[in-house]
file data.json (JSON, C-alpha atoms)
[["chain", "number", "residue", "atom", "x", "y", "z"],
["A", 5, "LEU", "CA", -120.33, -66.98, -48.00],
["A", 6, "LYS", "CA", -122.58, -68.69, -45.47],
["A", 7, "ILE", "CA", -119.62, -69.77, -43.32],
["A", 8, "TRP", "CA", -117.88, -66.43, -43.78],
["A", 9, "SER", "CA", -120.89, -64.39, -42.65],
["A", 10, "GLU", "CA", -121.44, -66.70, -39.67],
["A", 11, "LEU", "CA", -117.86, -66.28, -38.44],
["A", 12, "VAL", "CA", -117.91, -62.51, -38.81],
["A", 13, "ALA", "CA", -121.28, -62.40, -37.03],
["A", 14, "ARG", "CA", -119.65, -64.20, -34.11],
["A", 15, "PHE", "CA", -117.01, -61.58, -33.45],
["A", 16, "LEU", "CA", -119.48, -58.76, -34.06],
["A", 17, "SER", "CA", -121.70, -60.27, -31.37],
["A", 18, "ALA", "CA", -118.70, -60.84, -29.07],
["A", 19, "GLY", "CA", -117.99, -57.12, -29.45],
["A", 20, "ASP", "CA", -121.55, -56.34, -28.28],
["A", 21, "VAL", "CA", -122.77, -55.31, -31.74],
["A", 22, "THR", "CA", -126.50, -56.02, -32.12],
["A", 23, "ARG", "CA", -129.31, -55.74, -34.63],
["A", 24, "ASP", "CA", -130.01, -52.25, -33.29],
["A", 25, "ASP", "CA", -126.67, -50.93, -34.52],
["A", 26, "VAL", "CA", -125.91, -48.94, -37.65],
["A", 27, "ILE", "CA", -122.58, -50.20, -38.99],
["A", 28, "GLN", "CA", -120.54, -48.01, -41.31],
["A", 29, "VAL", "CA", -118.17, -50.19, -43.35],
["A", 30, "SER", "CA", -115.29, -47.96, -44.41],
["A", 31, "PHE", "CA", -113.18, -50.68, -45.98],
["A", 32, "ARG", "CA", -112.87, -50.46, -49.75],
["A", 33, "TYR", "CA", -115.35, -52.68, -51.60],
["A", 34, "GLY", "CA", -113.23, -54.46, -54.19],
["A", 35, "LEU", "CA", -110.75, -57.31, -54.30],
["A", 36, "PHE", "CA", -109.89, -56.72, -50.62],
["A", 37, "SER", "CA", -112.17, -59.14, -48.77],
["A", 38, "GLY", "CA", -112.63, -57.09, -45.59],
["A", 39, "ALA", "CA", -115.57, -54.98, -46.70],
["A", 40, "PHE", "CA", -117.71, -57.84, -47.98],
["A", 41, "GLY", "CA", -116.96, -60.03, -44.97],
["A", 42, "LEU", "CA", -118.00, -57.37, -42.48],
["A", 43, "HIS", "CA", -121.00, -56.45, -44.62],
["A", 44, "HIS", "CA", -122.35, -60.02, -44.73],
["A", 45, "GLY", "CA", -121.65, -60.60, -41.04],
["A", 46, "ALA", "CA", -123.49, -57.43, -40.07],
["A", 47, "GLU", "CA", -126.48, -58.44, -42.17],
["A", 48, "LYS", "CA", -126.39, -61.87, -40.51],
["A", 49, "ILE", "CA", -127.03, -60.34, -37.08],
["A", 50, "GLY", "CA", -129.69, -58.04, -38.53],
["A", 51, "ALA", "CA", -127.82, -54.75, -38.16],
["A", 52, "SER", "CA", -128.20, -51.90, -40.62],
["A", 53, "VAL", "CA", -125.18, -51.61, -42.94],
["A", 54, "ILE", "CA", -123.85, -48.50, -44.63],
["A", 55, "PRO", "CA", -121.38, -49.52, -47.38],
["A", 56, "ALA", "CA", -119.42, -46.26, -47.16],
["A", 57, "SER", "CA", -116.35, -47.90, -48.73],
["A", 58, "ASN", "CA", -113.34, -45.60, -49.04],
["A", 59, "GLU", "CA", -115.27, -42.39, -49.56],
["A", 60, "HIS", "CA", -113.52, -39.10, -48.79],
["A", 61, "THR", "CA", -113.23, -38.37, -45.06],
["A", 62, "ASP", "CA", -115.67, -35.45, -45.19],
["A", 63, "ARG", "CA", -118.35, -37.70, -46.67],
["A", 64, "GLN", "CA", -117.61, -40.39, -44.07],
["A", 65, "ILE", "CA", -118.19, -37.88, -41.30],
["A", 66, "ARG", "CA", -121.36, -36.57, -42.94],
["A", 67, "ILE", "CA", -122.68, -40.14, -43.21],
["A", 68, "MET", "CA", -122.01, -40.64, -39.50],
["A", 69, "GLN", "CA", -123.97, -37.49, -38.72],
["A", 70, "ASP", "CA", -126.87, -38.12, -41.09],
["A", 71, "TYR", "CA", -127.39, -41.84, -40.47],
["A", 72, "ARG", "CA", -126.41, -41.92, -36.79],
["A", 73, "THR", "CA", -123.66, -44.51, -37.23],
["A", 74, "SER", "CA", -123.01, -46.45, -34.02],
["A", 75, "VAL", "CA", -120.24, -48.81, -35.18],
["A", 76, "LEU", "CA", -117.30, -47.91, -37.41],
["A", 77, "VAL", "CA", -115.50, -50.62, -39.38],
["A", 78, "ALA", "CA", -112.17, -49.44, -40.78],
["A", 79, "THR", "CA", -108.41, -49.70, -40.57],
["A", 80, "PRO", "CA", -106.97, -48.12, -37.41],
["A", 81, "SER", "CA", -105.04, -45.56, -39.47],
["A", 82, "PHE", "CA", -108.25, -44.46, -41.23],
["A", 83, "ALA", "CA", -109.95, -44.01, -37.85],
["A", 84, "LEU", "CA", -107.18, -41.64, -36.80],
["A", 85, "LEU", "CA", -107.46, -39.83, -40.14],
["A", 86, "LEU", "CA", -111.17, -39.34, -39.45],
["A", 87, "ALA", "CA", -110.32, -37.99, -35.99],
["A", 88, "ASP", "CA", -107.90, -35.49, -37.57],
["A", 89, "ARG", "CA", -110.51, -34.34, -40.03],
["A", 90, "MET", "CA", -113.19, -33.99, -37.35],
["A", 91, "GLU", "CA", -110.88, -31.69, -35.43],
["A", 92, "ALA", "CA", -110.21, -29.62, -38.56],
["A", 93, "LEU", "CA", -113.94, -29.32, -39.29],
["A", 94, "GLY", "CA", -114.87, -28.56, -35.69],
["A", 95, "VAL", "CA", -116.98, -31.73, -35.38],
["A", 96, "ASP", "CA", -117.26, -32.96, -31.80],
["A", 97, "PRO", "CA", -117.11, -36.81, -31.80],
["A", 98, "LYS", "CA", -119.13, -36.80, -28.57],
["A", 99, "GLN", "CA", -122.06, -35.39, -30.55],
["A", 100, "LEU", "CA", -122.06, -38.46, -32.82],
["A", 101, "MET", "CA", -123.76, -41.75, -32.02],
["A", 102, "LEU", "CA", -120.50, -43.73, -32.38],
["A", 103, "LYS", "CA", -119.92, -46.16, -29.53],
["A", 104, "ARG", "CA", -117.66, -48.84, -30.96],
["A", 105, "GLY", "CA", -115.08, -49.45, -33.66],
["A", 106, "LEU", "CA", -114.01, -52.76, -35.19],
["A", 107, "PHE", "CA", -110.58, -52.37, -36.69],
["A", 108, "GLY", "CA", -108.37, -54.59, -38.82],
["A", 109, "GLY", "CA", -106.61, -54.81, -42.14],
["A", 110, "GLU", "CA", -103.27, -53.66, -40.72],
["A", 111, "ILE", "CA", -101.02, -54.05, -37.72],
["A", 112, "TRP", "CA", -101.76, -51.69, -34.83],
["A", 113, "SER", "CA", -100.63, -51.25, -31.24],
["A", 114, "GLU", "CA", -102.17, -50.61, -27.85],
["A", 115, "THR", "CA", -100.96, -47.02, -28.18],
["A", 116, "THR", "CA", -102.97, -46.67, -31.39],
["A", 117, "ARG", "CA", -105.99, -48.19, -29.67],
["A", 118, "GLN", "CA", -105.74, -45.62, -26.87],
["A", 119, "GLN", "CA", -105.44, -42.77, -29.36],
["A", 120, "ILE", "CA", -108.55, -43.93, -31.25],
["A", 121, "GLU", "CA", -110.55, -44.33, -28.06],
["A", 122, "GLN", "CA", -109.49, -40.99, -26.62],
["A", 123, "ARG", "CA", -110.07, -39.04, -29.82],
["A", 124, "LEU", "CA", -113.29, -40.67, -31.07],
["A", 125, "PHE", "CA", -114.74, -41.60, -27.64],
["A", 126, "ILE", "CA", -115.43, -45.18, -28.67],
["A", 127, "GLU", "CA", -114.41, -48.68, -27.65],
["A", 128, "ALA", "CA", -111.87, -50.03, -30.15],
["A", 129, "LEU", "CA", -111.83, -53.77, -30.87],
["A", 130, "ASP", "CA", -109.41, -55.82, -32.97],
["A", 131, "ASN", "CA", -110.22, -58.52, -35.50],
["A", 132, "TYR", "CA", -108.00, -60.80, -37.53],
["A", 133, "GLY", "CA", -108.29, -62.26, -40.99],
["A", 134, "VAL", "CA", -106.11, -63.73, -43.70],
["A", 135, "SER", "CA", -107.11, -62.98, -47.27],
["A", 136, "GLU", "CA", -105.53, -66.20, -48.52],
["A", 137, "LEU", "CA", -107.91, -68.25, -46.36],
["A", 138, "MET", "CA", -111.07, -66.20, -46.03],
["A", 139, "GLY", "CA", -110.51, -62.66, -44.84],
["A", 140, "PRO", "CA", -112.07, -61.37, -41.62],
["A", 141, "GLY", "CA", -113.76, -63.90, -39.36],
["A", 142, "ILE", "CA", -110.83, -66.04, -38.31],
["A", 143, "ALA", "CA", -110.54, -64.35, -34.92],
["A", 144, "GLY", "CA", -111.84, -61.33, -33.05],
["A", 145, "GLU", "CA", -111.84, -59.60, -29.70],
["A", 146, "CYS", "CA", -114.70, -59.57, -27.25],
["A", 147, "CYS", "CA", -115.43, -56.60, -24.99],
["A", 148, "GLU", "CA", -112.91, -57.87, -22.43],
["A", 149, "ARG", "CA", -110.13, -57.10, -24.95],
["A", 150, "ALA", "CA", -107.79, -59.71, -23.47],
["A", 151, "GLY", "CA", -106.79, -61.28, -26.78],
["A", 152, "LEU", "CA", -108.41, -62.59, -29.94],
["A", 153, "HIS", "CA", -110.82, -65.52, -29.84],
["A", 154, "ILE", "CA", -110.18, -67.91, -32.72],
["A", 155, "CYS", "CA", -112.98, -69.94, -34.35],
["A", 156, "GLU", "CA", -111.45, -73.38, -33.76],
["A", 157, "ASP", "CA", -114.43, -75.23, -35.20],
["A", 158, "HIS", "CA", -113.58, -73.74, -38.60],
["A", 159, "VAL", "CA", -109.84, -73.04, -38.40],
["A", 160, "LEU", "CA", -107.21, -75.16, -36.65],
["A", 161, "PRO", "CA", -104.44, -72.98, -35.15],
["A", 162, "GLU", "CA", -100.88, -74.13, -34.48],
["A", 163, "ILE", "CA", -97.76, -72.36, -33.30],
["A", 164, "ILE", "CA", -94.47, -73.52, -34.81],
["A", 165, "ASP", "CA", -90.83, -72.55, -34.59],
["A", 166, "PRO", "CA", -90.42, -70.35, -37.70],
["A", 167, "GLU", "CA", -86.94, -71.74, -38.32],
["A", 168, "THR", "CA", -87.44, -75.48, -37.79],
["A", 169, "GLY", "CA", -91.18, -75.90, -38.30],
["A", 170, "GLU", "CA", -91.41, -77.81, -35.00],
["A", 171, "PRO", "CA", -94.66, -77.34, -33.02],
["A", 172, "LEU", "CA", -94.50, -75.21, -29.87],
["A", 173, "GLY", "CA", -96.61, -75.57, -26.75],
["A", 174, "PRO", "CA", -99.27, -73.25, -25.31],
["A", 175, "GLY", "CA", -97.95, -69.83, -24.35],
["A", 176, "LYS", "CA", -94.83, -70.13, -26.53],
["A", 177, "THR", "CA", -94.33, -67.43, -29.15],
["A", 178, "GLY", "CA", -93.84, -68.63, -32.69],
["A", 179, "GLU", "CA", -95.32, -68.51, -36.18],
["A", 180, "LEU", "CA", -99.08, -68.94, -36.51],
["A", 181, "VAL", "CA", -100.17, -71.72, -38.87],
["A", 182, "LEU", "CA", -103.84, -72.04, -39.79],
["A", 183, "THR", "CA", -105.58, -75.04, -41.33],
["A", 184, "THR", "CA", -109.05, -74.62, -42.83],
["A", 185, "LEU", "CA", -111.60, -77.20, -41.68],
["A", 186, "THR", "CA", -114.95, -76.30, -43.21],
["A", 187, "ARG", "CA", -114.34, -74.47, -46.48],
["A", 188, "GLU", "CA", -116.30, -75.98, -49.34],
["A", 189, "ALA", "CA", -115.30, -76.42, -53.00],
["A", 190, "PHE", "CA", -111.72, -75.81, -51.96],
["A", 191, "PRO", "CA", -109.01, -78.18, -50.74],
["A", 192, "LEU", "CA", -107.87, -78.28, -47.13],
["A", 193, "VAL", "CA", -105.24, -75.59, -46.68],
["A", 194, "ARG", "CA", -102.47, -75.51, -44.07],
["A", 195, "TYR", "CA", -101.16, -71.96, -44.30],
["A", 196, "ARG", "CA", -98.11, -70.41, -42.67],
["A", 197, "THR", "CA", -99.20, -66.85, -41.89],
["A", 198, "GLY", "CA", -95.78, -65.42, -41.04],
["A", 199, "ALA", "CA", -97.38, -63.79, -37.97],
["A", 200, "LEU", "CA", -95.61, -64.23, -34.64],
["A", 201, "THR", "CA", -97.95, -64.85, -31.72],
["A", 202, "SER", "CA", -98.87, -67.37, -29.02],
["A", 203, "LEU", "CA", -101.94, -69.42, -28.13],
["A", 204, "ALA", "CA", -103.60, -69.50, -24.73],
["A", 205, "TYR", "CA", -106.19, -72.20, -23.96],
["A", 206, "GLN", "CA", -108.88, -71.64, -21.37]]
call {"tool": "encode", "arguments": {"input": "data.json", "output": "structure tokens"}}
result
Amino acid sequence: LKIWSELVARFLSAGDVTRDDVIQVSFRYGLFSGAFGLHHGAEKIGASVIPASNEHTDRQIRIMQDYRTSVLVATPSFALLLADRMEALGVDPKQLMLKRGLFGGEIWSETTRQQIEQRLFIEALDNYGVSELMGPGIAGECCERAGLHICEDHVLPEIIDPETGEPLGPGKTGELVLTTLTREAFPLVRYRTGALTSLAYQ
């Protein structure tokens, strides 16, 4: 938990989330690791956390209004569902205190990002986790939004040819393989994620 919260705190901070923020975690609190990871990371940086879980959309919106939520944590599809419901209720997102959204838990596109930003008037940032290894905290975007920053001191990334298993060089697209480096009470794991991506070193 200590490592997990530290890694999540990193990408929260990279996304310009601070101790002054009110973070509404709209992931379901249960066996899915996303909610707890974001919750612990937010507490690590000293932010206020609202464990809204998967409450009905009307309640989510009411929480945003009552507690002046500044950061929304959710799946991208749920963010768009909230935008739909705000329109139906006549709630103007510009009247809320929302300024940023940290989204994950499903695949989404740049088109989806633009829709979220245009409809909720927030900056939308991506984060990446793998439940089999830890959950959120493996990688996250900073405010530049030019790709995900991976925590290489805790997770070793490789790109391999998905057919042959041969390693590929920087910039080549292939399957992402992650090896845990610092997990405790658990053996070293080299995990083939099945995700196709590339690595850029700077």
call {"tool": "atom_distance", "arguments": {"input": "data.json", "atom1": "CA of Met68 in chain A", "atom2": "CA of Glu148 in chain A"}}
result
25.9 Å
call {"tool": "closest_residue", "arguments": {"input": "data.json", "among": "A:Leu42, A:Ala204, A:Val12, A:Leu76", "to": "Gln28 in chain A", "atoms": "all atoms listed in the file"}}
result
A:Leu76
call {"tool": "closest_residue", "arguments": {"input": "data.json", "among": "A:Ser57, A:Phe82, A:Ile27, A:Arg14", "to": "Ala39 in chain A", "atoms": "all atoms listed in the file"}}
result
A:Ser57
call {"tool": "residues_around", "arguments": {"input": "data.json", "residues": "Phe31 in chain A", "least_positions_apart": "4", "cutoff": "10 Å", "atoms": "all atoms listed in the file", "output": "ChimeraX atom specification"}}
result
/A:36-40,42-43,55-59,76-79,82,107-109
call {"tool": "closest_residue", "arguments": {"input": "data.json", "among": "A:Ala87, A:Met101, A:Ile154, A:Val134", "to": "Glu121 in chain A", "atoms": "only C-alpha atoms"}}
result
A:Ala87
call {"tool": "residues_around", "arguments": {"input": "data.json", "residues": "Asp62 in chain A", "least_positions_apart": "6", "cutoff": "10 Å", "atoms": "all atoms listed in the file", "output": "list in words"}}
result
Met68, Leu86, Arg89, Met90 and Leu93 of chain A
call {"tool": "closest_residue", "arguments": {"input": "data.json", "among": "A:Gln64, A:Gln122, A:Thr115, A:Ser135", "to": "Lys103 in chain A", "atoms": "all atoms listed in the file"}}
result
A:Gln122
call {"tool": "atom_distance", "arguments": {"input": "data.json", "atom1": "CA of Trp112 in chain A", "atom2": "CA of Pro80 in chain A"}}
result
6.8 Å
call {"tool": "axis_aligned_box", "arguments": {"input": "data.json", "around": "range 119-132 of chain A", "padding_each_side": "6 Å", "output": "AutoDock Vina command-line options"}}
result
--center_x -110.4 --center_y -49.9 --center_z -32.1 --size_x 22.0 --size_y 33.8 --size_z 22.9
call {"tool": "residues_near_point", "arguments": {"input": "data.json", "point": "(-105.7, -49.1, -27.7)", "cutoff": "10 Å", "atoms": "only C-alpha atoms", "output": "PDB file with C-alpha atoms, keeping the file's coordinate frame"}}
result
ATOM      1  CA  PRO A  80    -106.970 -48.120 -37.410  1.00  0.00           C
ATOM      2  CA  TRP A 112    -101.760 -51.690 -34.830  1.00  0.00           C
ATOM      3  CA  SER A 113    -100.630 -51.250 -31.240  1.00  0.00           C
ATOM      4  CA  GLU A 114    -102.170 -50.610 -27.850  1.00  0.00           C
ATOM      5  CA  THR A 115    -100.960 -47.020 -28.180  1.00  0.00           C
ATOM      6  CA  THR A 116    -102.970 -46.670 -31.390  1.00  0.00           C
ATOM      7  CA  ARG A 117    -105.990 -48.190 -29.670  1.00  0.00           C
ATOM      8  CA  GLN A 118    -105.740 -45.620 -26.870  1.00  0.00           C
ATOM      9  CA  GLN A 119    -105.440 -42.770 -29.360  1.00  0.00           C
ATOM     10  CA  ILE A 120    -108.550 -43.930 -31.250  1.00  0.00           C
ATOM     11  CA  GLU A 121    -110.550 -44.330 -28.060  1.00  0.00           C
ATOM     12  CA  GLN A 122    -109.490 -40.990 -26.620  1.00  0.00           C
ATOM     13  CA  GLU A 127    -114.410 -48.680 -27.650  1.00  0.00           C
ATOM     14  CA  ALA A 128    -111.870 -50.030 -30.150  1.00  0.00           C
ATOM     15  CA  LEU A 129    -111.830 -53.770 -30.870  1.00  0.00           C
ATOM     16  CA  ASP A 130    -109.410 -55.820 -32.970  1.00  0.00           C
ATOM     17  CA  ARG A 149    -110.130 -57.100 -24.950  1.00  0.00           C
TER      18      ARG A 149
END
call {"tool": "atom_distance", "arguments": {"input": "data.json", "atom1": "CA of Val75 in chain A", "atom2": "CA of Pro97 in chain A"}}
result
12.9 Å
call {"tool": "residues_near_point", "arguments": {"input": "data.json", "point": "(-128.8, -54.2, -32.6)", "cutoff": "10 Å", "atoms": "only C-alpha atoms", "output": "list in words"}}
result
Ser17, Asp20, Val21, Thr22, Arg23, Asp24, Asp25, Val26, Ile27, Ala46, Ile49, Gly50, Ala51, Ser52 and Ser74 of chain A
call {"tool": "closest_residue", "arguments": {"input": "data.json", "among": "A:Gln99, A:Ser30, A:Thr184, A:Thr61", "to": "Glu156 in chain A", "atoms": "only C-alpha atoms"}}
result
A:Thr184
call {"tool": "closest_residue", "arguments": {"input": "data.json", "among": "A:Val95, A:Ala143, A:Ile164, A:Ile7", "to": "Leu200 in chain A", "atoms": "all atoms listed in the file"}}
result
A:Ile164
call {"tool": "closest_atom_pairs", "arguments": {"input": "data.json", "of": "range 104-164 of chain A", "to": "range 190-197 of chain A", "cutoff": "9 Å", "atoms": "all atoms listed in the file", "output": "Markdown table"}}
result
| residue | atom | partner | partner_atom | distance |
| --- | --- | --- | --- | --- |
| A:Val134 | CA | A:Thr197 | CA | 7.8 |
| A:Glu136 | CA | A:Tyr195 | CA | 8.4 |
| A:Leu137 | CA | A:Val193 | CA | 7.8 |
| A:Leu160 | CA | A:Arg194 | CA | 8.8 |
call {"tool": "decode", "arguments": {"input": "data.json", "residues": "range 20-49 of chain A", "atoms": "N, CA and C atoms", "output": "CSV table (one decimal), in the first residue's frame"}}
result
chain,number,residue,atom,x,y,z
A,20,ASP,N,-0.7,18.2,-11.8
A,20,ASP,CA,-1.0,19.4,-11.1
A,20,ASP,C,-2.1,19.4,-10.1
A,21,VAL,N,-2.3,18.2,-9.5
A,21,VAL,CA,-3.2,18.0,-8.4
A,21,VAL,C,-2.5,18.3,-7.1
A,22,THR,N,-3.0,19.1,-6.2
A,22,THR,CA,-2.3,19.5,-5.0
A,22,THR,C,-3.2,19.2,-3.8
A,23,ARG,N,-2.6,19.5,-2.7
A,23,ARG,CA,-3.3,19.3,-1.4
A,23,ARG,C,-4.6,20.2,-1.2
A,24,ASP,N,-4.6,21.2,-2.1
A,24,ASP,CA,-5.8,22.1,-2.0
A,24,ASP,C,-7.0,21.6,-2.8
A,25,ASP,N,-6.8,20.5,-3.5
A,25,ASP,CA,-7.9,20.0,-4.3
A,25,ASP,C,-8.9,19.1,-3.6
A,26,VAL,N,-10.1,19.0,-4.1
A,26,VAL,CA,-11.1,18.1,-3.6
A,26,VAL,C,-11.3,17.1,-4.7
A,27,ILE,N,-10.9,15.8,-4.4
A,27,ILE,CA,-10.9,14.8,-5.4
A,27,ILE,C,-12.1,13.9,-5.2
A,28,GLN,N,-13.0,13.8,-6.2
A,28,GLN,CA,-14.1,12.9,-6.2
A,28,GLN,C,-13.8,11.6,-6.9
A,29,VAL,N,-13.7,10.5,-6.2
A,29,VAL,CA,-13.3,9.2,-6.8
A,29,VAL,C,-14.6,8.5,-7.1
A,30,SER,N,-14.9,8.4,-8.4
A,30,SER,CA,-16.1,7.8,-8.9
A,30,SER,C,-15.9,6.4,-9.5
A,31,PHE,N,-14.8,5.8,-9.1
A,31,PHE,CA,-14.6,4.4,-9.4
A,31,PHE,C,-15.3,3.6,-8.3
A,32,ARG,N,-15.8,2.4,-8.7
A,32,ARG,CA,-16.4,1.6,-7.7
A,32,ARG,C,-15.4,1.0,-6.6
A,33,TYR,N,-15.8,1.2,-5.4
A,33,TYR,CA,-14.9,0.6,-4.3
A,33,TYR,C,-15.3,-0.8,-4.1
A,34,GLY,N,-14.4,-1.7,-4.5
A,34,GLY,CA,-14.7,-3.1,-4.4
A,34,GLY,C,-13.5,-3.9,-4.8
A,35,LEU,N,-13.6,-5.0,-5.5
A,35,LEU,CA,-12.5,-5.8,-6.0
A,35,LEU,C,-11.7,-5.0,-7.1
A,36,PHE,N,-12.3,-4.1,-7.8
A,36,PHE,CA,-11.5,-3.3,-8.8
A,36,PHE,C,-10.6,-2.4,-8.0
A,37,SER,N,-9.3,-2.4,-8.3
A,37,SER,CA,-8.3,-1.7,-7.5
A,37,SER,C,-8.2,-0.2,-7.7
A,38,GLY,N,-8.9,0.3,-8.8
A,38,GLY,CA,-8.7,1.7,-9.1
A,38,GLY,C,-9.1,2.6,-8.0
A,39,ALA,N,-10.3,2.4,-7.4
A,39,ALA,CA,-10.8,3.4,-6.4
A,39,ALA,C,-9.8,3.5,-5.2
A,40,PHE,N,-9.4,2.3,-4.7
A,40,PHE,CA,-8.5,2.4,-3.5
A,40,PHE,C,-7.1,3.0,-3.9
A,41,GLY,N,-6.6,2.7,-5.1
A,41,GLY,CA,-5.3,3.3,-5.4
A,41,GLY,C,-5.4,4.8,-5.5
A,42,LEU,N,-6.4,5.3,-6.2
A,42,LEU,CA,-6.5,6.7,-6.3
A,42,LEU,C,-6.8,7.4,-5.0
A,43,HIS,N,-7.6,6.7,-4.1
A,43,HIS,CA,-7.9,7.2,-2.8
A,43,HIS,C,-6.7,7.4,-2.0
A,44,HIS,N,-5.8,6.3,-1.9
A,44,HIS,CA,-4.6,6.4,-1.1
A,44,HIS,C,-3.6,7.4,-1.7
A,45,GLY,N,-3.5,7.5,-3.0
A,45,GLY,CA,-2.6,8.4,-3.6
A,45,GLY,C,-3.0,9.9,-3.3
A,46,ALA,N,-4.3,10.1,-3.3
A,46,ALA,CA,-4.8,11.5,-3.0
A,46,ALA,C,-4.6,11.8,-1.6
A,47,GLU,N,-4.8,10.9,-0.7
A,47,GLU,CA,-4.5,11.2,0.7
A,47,GLU,C,-3.0,11.4,0.9
A,48,LYS,N,-2.1,10.7,0.1
A,48,LYS,CA,-0.7,10.9,0.3
A,48,LYS,C,-0.2,12.3,0.0
A,49,ILE,N,-0.9,13.0,-1.0
A,49,ILE,CA,-0.5,14.4,-1.3
A,49,ILE,C,-1.3,15.4,-0.4
